[in-house]
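Shown next, in structure tokens, is the structure this report addresses.
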Amino acid sequence: MKKRNDRLSPETIAAQAAGQIDPVTGAVIAPIHTAATYARDDDYETRGYIYSRYGTPTCLQCETVLAEIERAGDAMLFNSGLSAACAVLESLPAGAHIVVPENMYFGVLVWMQRQEDKGYLTLSKYTPADLDSLRDVMRDDTAMVWVETPTNPTWAVTDIAAVAGIAHTHGAILVVDSTTAPPPTTRALELGADIVFHSATKYLNGHSDVTAGVLCTNDQNPRWEDMREVRKLQGTALPGFESWLLMRGLRTLYVRWDAACANALKIATHFENHPLIEAVQYPGLPNDPGHDVAKRQMTRGFGGMLSIRVNGSEDQARNVAASTNLFLPATSLGGVESLIEHRFTVEGPDYGTPPNLLRLSVGIENADDLIADLEQALKSALA
Ligand SMILES: *Cc1c(COP(=O)(O)O)cnc(C)c1O
């Protein structure tokens with residue numbers, strides 16, 4: 001097997017994901033391991049694998065690539081982002097106090113609230129861009145601070161290094177959901193996070209054909225091993241085929257990311273002062289409230305996610321989402337194809353999302369085609 005240089009840049013590692021030459025066949029792409037069980041050797045020892053619920057060689061290979069591009073000591077892959085988040089929560093002591101942003105990914109918040117309703121943990125909330133609001137809710141027994149940046153669906157930016165300082169002063173761990181700022185632009189562990197979380201369903205895979213989640217850390221402590229135990233017992237490791245698809249997606253991560261960032265900036269700039277638009281929320285715009293922190297902590301582009309608030313009612317905003325031809329009216333984000341979503345329809349009135357907000361996940365199509373599509377949808381729905 002060829003030896004890899006430790007100082008390779010992450011683009012090179014990603015481009016050659018799954019690309020180790022198979023010693024038996026010479027195949028340049030790794031096989032997909034689908035076995036559910038693994039035979040012991042002549043001495044009745046395992047060869048490192050026992051049963052697929054514990055993880056498979058393909059899953060481990062993909063974890064190695066993810067750890068390398070995140071520059072982490074270890075990565076753990078799950079069959080969804082949610083199951084990865086649940087493993088983190090499961091590893092906390094019963095009744096733990098955790099602190100979360102008031103705007104965050106809907107599904108993770110719903111799960112946390114469920115846990116709180118059952119008395120398994122207590123939740124306090126802070127405003128992402130306001131560190132004093134975080135200091136106010138920290139307690140000496142706070143077990144975990146959760147950051148999501150930029151935050152879905154308003155793209156508020158949180159200063160990871162500053163939050164790490166506050167969390168660690170109180171003895172809490174910092175977990176960063178970096179789904180919308182993947183490793184090409186932000187490596188949260190280097191900014192002080194104890195664990196970085198990604199829904200790999202999004203940019204890491206990038207093709208809207210895998211559901212997966214990953215945790216990365218440099219601190220392989222007993223809590224980390226507890227998460228592995230949760231994954232093993234709940235059967236939430238990423239299966240072989242999905243791990244292989246994710247590796248295939250990772251090979252183009254850096255070029256997809258650059259293309260999506262360039263398109264999103266072009267769209268945000270185009271609609272910033274548009275008569276049918278009330279506001280554009282995108283940290284890449286110089287006037288955006290999160291721009292200064294984003295410039296420091298998103299070192300290679302501001303991402304493909306932005307929201308536009310239309311000059312119109314809830315119904316009119318929904319009609320815009322129903323009138324695009326290229327932007328597909330679907331949830332999720334980070335794929336090569338552009339998506340549009342009226343979040344208020346999905347979340348209802350309880351989560352603070354404005355009724356006139358449309359969330360855009362900008363893909364890698366031609367930016368002018370995307371702009372023309374939004375223009376015609378805005379005109380037909382708002383005119
Ligand atoms: C999608 C998403 C999740 C949840 O991940 P799944 O893969 O859908 O389970 C968590 N956080 C963010 C920011 C997401 O976009």
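A note on labels: chains of the structure tokens are A, B, ... as shown, every chain counts residues from 1, and ligands are counted from 1 in their shown order.
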
Exercise: region 174-182 of chain A partners within 9 Å, only C-alpha atoms, chain neighbours under 3 positions left out, as a VMD selection string: chain A and resid 70 88 143 to 152 160 163 to 164 167 to 168 185 to 189 192 to 204 257 298 301 to 305 333 to 334

Backbone-only DSSP, strand (DSSP E) members of region 208-251 of chain A, as an NGL selection string: :A and (213-217)

Would you save the residues from that selection as a tab-separated table (two decimals), in the first residue's frame, using N, CA and C atoms?
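Output (out-v5.tsv):
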```
chain	number	residue	atom	x	y	z
A	213	GLY	N	-24.61	11.05	9.91
A	213	GLY	CA	-24.11	12.05	10.85
A	213	GLY	C	-22.73	11.66	11.33
A	214	VAL	N	-21.92	12.64	11.70
A	214	VAL	CA	-20.58	12.32	12.18
A	214	VAL	C	-20.22	13.20	13.38
A	215	LEU	N	-19.52	12.59	14.32
A	215	LEU	CA	-18.93	13.32	15.44
A	215	LEU	C	-17.42	13.20	15.31
A	216	CYS	N	-16.69	14.30	15.60
A	216	CYS	CA	-15.23	14.26	15.59
A	216	CYS	C	-14.71	14.84	16.89
A	217	THR	N	-13.59	14.31	17.38
A	217	THR	CA	-13.00	14.83	18.60
A	217	THR	C	-11.50	14.62	18.59
```

Distance query Glu229 (chain A) at most 12 Å, only C-alpha atoms, self and fewer than 6 positions along chain excluded, as a ChimeraX atom specification: /A:53-55,76,87-88,90-91,222-223,235-237

Where does region 82-188 of chain A meet region 337-349 of chain A within 12 Å, residue by residue, with the nearest atom pair and distance in Å to one decimal for each, counting only C-alpha atoms, listed by chain and rising number, as a tab-separated table?
```
residue	atom	partner	partner_atom	distance
A:Asn103	CA	A:Glu347	CA	11.8
A:Met104	CA	A:Glu347	CA	11.7
A:Tyr105	CA	A:Glu347	CA	10.6
A:Phe106	CA	A:Glu347	CA	7.6
A:Gly107	CA	A:Glu347	CA	9.9
A:Leu109	CA	A:Glu347	CA	11.5
A:Val110	CA	A:Glu347	CA	10.5
A:Asn152	CA	A:Arg343	CA	10.0
A:Pro153	CA	A:Arg343	CA	7.8
A:Thr154	CA	A:Arg343	CA	10.5
```

Exercise: Pro101 (chain A) partners within 6 Å, only C-alpha atoms, chain neighbours under 5 positions left out, as a PyMOL selection string: chain A and resi 125-128

Counting only C-alpha atoms and all ligand atoms, which residue out of A:Phe241, A:Trp224, A:Phe78, A:Tyr120 sits closest to ligand 1?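 Counting only C-alpha atoms and all ligand atoms, the residue closest to ligand 1 is A:Phe78.
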
As an exercise, work out the distance from CA of Arg71 (chain A) to CA of Ser9 (chain A) in Å and give it to one decimal place. 10.2 Å

Using only C-alpha atoms, the shortest atom-to-atom distance to Asn311 (chain A) among A:Val336, A:Leu357, A:Thr324, A:Lys295 belongs to A:Leu357
